[in-house]
Each structure stands twice: as structure tokens, then as C-alpha cells.
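As provided, run27.csv (CSV, C-alpha atoms) reads as follows.
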chain,number,residue,atom,x,y,z
A,1,MET,CA,100.0,71.7,25.9
A,2,SER,CA,101.2,74.3,28.4
A,3,ASP,CA,104.2,76.5,28.0
A,4,LEU,CA,105.9,74.8,30.9
A,5,VAL,CA,105.4,71.4,29.4
A,6,THR,CA,106.9,72.7,26.1
A,7,TYR,CA,109.8,74.1,28.0
A,8,LEU,CA,110.5,70.9,29.9
A,9,THR,CA,110.3,68.6,26.9
A,10,MET,CA,111.5,70.8,24.0
A,11,ASP,CA,114.9,69.1,23.5
A,12,GLY,CA,113.5,65.6,23.1
A,13,GLN,CA,115.7,64.5,26.0
A,14,THR,CA,113.2,64.8,28.8
A,15,TYR,CA,110.1,62.7,29.6
A,16,ILE,CA,107.6,64.1,32.1
A,17,ALA,CA,104.7,62.9,34.1
A,18,SER,CA,102.4,65.4,35.8
A,19,GLN,CA,100.8,65.1,39.3
A,20,VAL,CA,102.6,61.9,40.2
A,21,GLU,CA,101.0,60.4,43.2
A,22,ILE,CA,103.7,59.2,45.7
A,23,ALA,CA,101.9,57.0,48.2
A,24,PHE,CA,102.7,57.3,51.9
A,25,GLU,CA,104.6,54.2,53.0
A,26,ASN,CA,107.2,53.6,55.8
A,27,ASN,CA,107.2,57.3,56.7
A,28,HIS,CA,108.1,58.3,53.1
A,29,GLY,CA,106.0,59.9,50.3
A,30,GLY,CA,102.5,61.1,50.7
A,31,SER,CA,102.8,63.9,48.2
A,32,CYS,CA,102.0,64.8,44.6
A,33,PRO,CA,104.7,66.9,42.9
A,34,ASP,CA,103.6,69.0,39.9
A,35,TYR,CA,105.9,67.0,37.6
A,36,VAL,CA,108.5,64.3,37.7
A,37,ALA,CA,110.9,64.6,34.8
A,38,LEU,CA,113.4,62.1,33.5
A,39,ASP,CA,116.3,64.1,32.2
A,40,PHE,CA,118.0,61.7,29.8
A,41,ARG,CA,120.7,64.2,28.9
A,42,ASN,CA,122.0,64.4,32.5
A,43,ARG,CA,120.6,61.1,33.7
A,44,HIS,CA,118.6,62.8,36.5
A,45,VAL,CA,115.2,62.3,38.0
A,46,VAL,CA,113.9,65.8,38.4
A,47,VAL,CA,111.1,66.8,40.7
A,48,VAL,CA,109.6,70.0,39.2
A,49,GLU,CA,107.5,72.3,41.4
A,50,GLU,CA,105.8,75.4,40.1
A,51,THR,CA,104.5,78.3,42.1
A,52,GLU,CA,103.4,81.9,41.4
A,53,ALA,CA,103.2,82.7,45.1
A,54,TRP,CA,105.1,85.5,46.7
A,55,ASN,CA,105.4,83.7,50.0
A,56,ILE,CA,108.3,81.2,49.5
A,57,GLN,CA,107.8,79.3,52.7
A,58,PRO,CA,105.3,76.6,51.6
A,59,LEU,CA,107.5,75.5,48.6
A,60,CYS,CA,110.7,75.8,50.7
A,61,ASN,CA,109.1,73.5,53.3
A,62,ARG,CA,108.3,70.9,50.7
A,63,ILE,CA,111.8,71.1,49.2
A,64,HIS,CA,113.4,70.8,52.7
A,65,GLU,CA,111.4,67.6,53.1
A,66,ARG,CA,112.5,66.3,49.6
A,67,ASP,CA,114.4,63.3,51.1
A,68,THR,CA,111.3,61.7,52.5
A,69,ARG,CA,108.6,63.4,50.5
A,70,TRP,CA,110.0,62.7,47.0
A,71,PHE,CA,113.5,61.3,46.6
A,72,THR,CA,113.5,58.1,48.7
A,73,PRO,CA,110.1,56.8,47.5
A,74,LEU,CA,110.6,57.8,43.9
A,75,ALA,CA,114.1,56.2,43.8
A,76,ALA,CA,112.8,52.9,45.2
A,77,PHE,CA,109.9,52.9,42.8
A,78,MET,CA,112.0,53.7,39.7
A,79,LEU,CA,114.6,51.1,40.5
A,80,GLU,CA,112.0,48.4,41.2
A,81,LYS,CA,110.3,49.1,37.9
A,82,GLY,CA,113.6,49.4,35.9
A,83,ILE,CA,112.8,53.0,34.9
A,84,VAL,CA,116.2,54.3,35.7
A,85,SER,CA,119.5,52.8,36.6
A,86,PRO,CA,121.1,53.1,40.1
A,87,ASP,CA,123.7,55.8,38.9
A,88,TRP,CA,121.0,58.4,38.0
A,89,GLY,CA,121.0,61.5,40.2
A,90,MET,CA,118.0,63.2,41.8
A,91,ARG,CA,117.2,66.9,42.0
A,92,VAL,CA,114.6,69.6,42.3
A,93,LEU,CA,113.8,72.3,39.8
A,94,GLY,CA,111.6,75.1,41.1
A,95,ILE,CA,109.7,77.3,38.6
A,96,VAL,CA,109.0,80.5,40.5
A,97,ARG,CA,108.3,84.2,40.1
A,98,PRO,CA,111.3,86.2,38.9
A,99,ASP,CA,111.1,88.6,41.9
A,100,ARG,CA,111.5,85.6,44.3
A,101,ILE,CA,114.4,83.7,42.7
A,102,GLU,CA,117.0,85.4,44.8
A,103,ALA,CA,115.1,84.5,48.0
A,104,PHE,CA,114.8,80.9,46.9
A,105,ASN,CA,118.5,80.7,45.9
A,106,LYS,CA,119.5,82.1,49.2
A,107,ALA,CA,117.3,79.5,51.1
A,108,PHE,CA,119.1,76.7,49.2
A,109,ALA,CA,122.6,78.2,48.7
A,110,GLN,CA,124.3,75.1,50.1
A,111,ASP,CA,122.2,72.5,48.3
A,112,GLY,CA,123.6,71.2,45.1
A,113,ASP,CA,120.5,69.3,44.1
A,114,VAL,CA,118.0,72.3,44.0
A,115,SER,CA,117.8,75.0,41.4
A,116,PHE,CA,115.3,77.6,40.3
A,117,ILE,CA,114.2,79.4,37.1
A,118,SER,CA,111.6,82.0,36.5
A,119,ILE,CA,108.2,81.3,35.2
A,120,GLU,CA,108.7,83.9,32.5
A,121,GLU,CA,111.8,82.1,31.3
A,122,CYS,CA,109.6,79.1,30.6
A,123,ILE,CA,106.8,80.9,28.8
A,124,PHE,CA,108.6,83.1,26.4
A,125,PRO,CA,110.5,80.9,23.9
A,126,TRP,CA,112.7,83.6,22.5
A,127,LYS,CA,114.2,84.0,26.0
A,128,TYR,CA,115.3,80.4,26.4
A,129,TRP,CA,115.2,78.5,23.1
A,130,ASN,CA,118.9,78.1,22.3
A,131,LEU,CA,120.1,77.8,25.9
A,132,ARG,CA,117.4,75.2,26.7
A,133,LYS,CA,117.9,73.3,23.4
A,134,ASP,CA,121.6,73.1,23.8
A,135,GLY,CA,122.0,72.9,27.6
A,136,GLY,CA,119.2,70.7,28.9
A,137,LEU,CA,117.2,71.4,32.0
A,138,PRO,CA,118.7,74.0,34.4
A,139,GLY,CA,120.5,72.7,37.5
A,140,GLY,CA,121.9,69.5,36.0
A,141,GLU,CA,125.1,71.0,34.6
A,142,LYS,CA,128.3,69.3,35.5
A,143,GLY,CA,130.1,71.1,38.3
A,144,ILE,CA,126.8,72.6,39.6
A,145,TYR,CA,124.8,69.4,40.5
A,146,LYS,CA,125.9,67.8,43.7
A,147,GLY,CA,123.2,65.3,44.6
A,148,ARG,CA,123.0,61.7,45.5
A,149,SER,CA,122.3,58.8,43.2
A,150,VAL,CA,119.0,56.9,42.8
A,151,SER,CA,120.5,53.9,44.5
A,152,ALA,CA,121.6,56.0,47.5
A,153,TRP,CA,118.0,57.2,47.9
A,154,ALA,CA,116.4,53.8,47.4
A,155,SER,CA,118.7,52.2,50.0
A,156,LYS,CA,116.9,54.4,52.6
A,157,VAL,CA,113.7,52.5,52.1
A,158,ASN,CA,115.4,49.2,52.8
A,159,GLN,CA,117.1,50.7,55.9
A,160,GLY,CA,113.7,52.0,57.2
A,161,GLU,CA,114.9,55.6,57.3

Show me this structure written as C-alpha cells.
Amino acid sequence: MSDLVTYLTMDGQTYIASQVEIAFENNHGGSCPDYVALDFRNRHVVVVEETEAWNIQPLCNRIHERDTRWFTPLAAFMLEKGIVSPDWGMRVLGIVRPDRIEAFNKAFAQDGDVSFISIEECIFPWKYWNLRKDGGLPGGEKGIYKGRSVSAWASKVNQGE
């Protein structure tokens, strides 16, 4: 098991699936995020993307397209299969180099459904153990998360957006 998988699941409140294939349908999807996590503590579907790249643009581009690339098709699928209820939120967690977090945070400063943590924070347990065990996945804290519900995203499929 990788260090990142341990980090994501260590509190027993998160289920993950890796390399989830999101089929392209009705101008939505066509991607394969690194992980999709179900954060039961916060009731969020979390798309997790990891990169060690210095250039932030490729990941930023994918995150800017999150509505059609991930959120809308995942929401419709998860509601159809009864995996989550309509009131769950959706968000992105980026696992990135520590020297690039500031650049990523600046790129998404106005977005309440995107957060970033450093790769190092995930691979060294003594750095995160208590905070992660007690606080859940980063970015889902009340007052910080400002995303839309699964039902709001799924409705876009029905509207043909």
C-alpha cells in the first residue's frame, strides 16, 4: 500500500478507488482521476489528483475543467447507483510539491471546492498523524468548503449542460 493511500484512508472514514474511468458522454467525463475518495466524515466526494511536476498548468487545466471532467458525470453515476445521497458535496484535493502549493493556492484562491497539501505531508506520518486522524481529509472543514451538492452536479446531466 502506498503512503498516499495510507494517508487518505488512515482514519477509517474514507473509502478510495484509484484510476476511476469516467466515460465521455454528453460532453462530460472522458477522464481518469488518480483517486476518487468518499469522505464519510464530511459527506464529500473528493477527486484526488497527485503530481510531482514543477509546472502547475496541466493540473490547473484539469481542475478548471472539474465541472465537466469529473463532478457532473461522477455525481450522476453515484446518485444512480445509490453510492451517496444528494446532499453530499464534491471537491478536489491536489497532492503537490511543497514548493508549488503557494502557486496552486493562488490559482484557486476564489474556489471553495479546491484544496492542496504537499506530497511530503502525506508520506511522513509523524507530520500529519494527529491532525489527519482527528480532522479528516484537508479542504472539507466547515467554513472552508464552499462547493455544490451531488444533486446540483447530477442535474447538469439531465439538463444537457

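Shortest separation to Gly94 of chain A among A:Ala37, A:Ala53, A:Ala107, A:Val48 occurs at residue A:Val48, atoms counted being all atoms listed in the file.
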
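Nearest residue to Gly139 of chain A among A:Val84, A:Ile16, A:Val114, A:Ile63 is A:Val114, counting all atoms listed in the file.
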
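Straight-line separation from atom CA of Gly82 of chain A to atom CA of Arg43 of chain A: 13.8 Å.
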
- Query: Which residues come within 7 Å of Cys32 of chain A, counting only C-alpha atoms, excluding same-chain residues fewer than 4 positions away, as a ChimeraX atom specification?
  - Reply: /A:19-22

- Query: Which residues, written as a ChimeraX atom specification, have at least one atom at most 10 Å from segment 148-154 of chain A, with all atoms listed in the file counted and residues fewer than 2 positions away on the same chain left out?
  - Reply: /A:43-45,67-68,70-80,84-91,112-113,145-146,156-159

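Interatomic distance, atom CA of Ser115 of chain A to atom CA of Arg66 of chain A: 13.1 Å.
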
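Distances here use all atoms listed in the file; by that measure, the residue among A:Glu102, A:Met10, A:Val5, A:Asp39 closest to Trp129 of chain A is A:Met10.
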
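Checking A:Asn105, A:Ser155, A:Ser118, A:Thr9 one by one against Phe40 of chain A, counting all atoms listed in the file, you find the shortest gap at A:Thr9.
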
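A straight line drawn from atom CA of Phe104 of chain A to atom CA of Arg69 of chain A is 18.9 Å long.
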
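In terms of minimum interatomic distance to Gln13 of chain A, A:Leu137 ranks closest within A:Leu131, A:Val46, A:Ile95, A:Leu137, counting only C-alpha atoms.
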
- Task: Could you give me, as a VMD selection string, the residues that sit within 7 Å of (106.5, 79.5, 30.2) in the file's coordinates, counting only C-alpha atoms?
- Result: chain A and resid 3 to 4 7 119 to 124

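You can rank A:Lys106, A:Thr6, A:Ile101, A:Tyr15 by their closest distance to Arg41 of chain A using only C-alpha atoms, and at the top of that list sits A:Tyr15.
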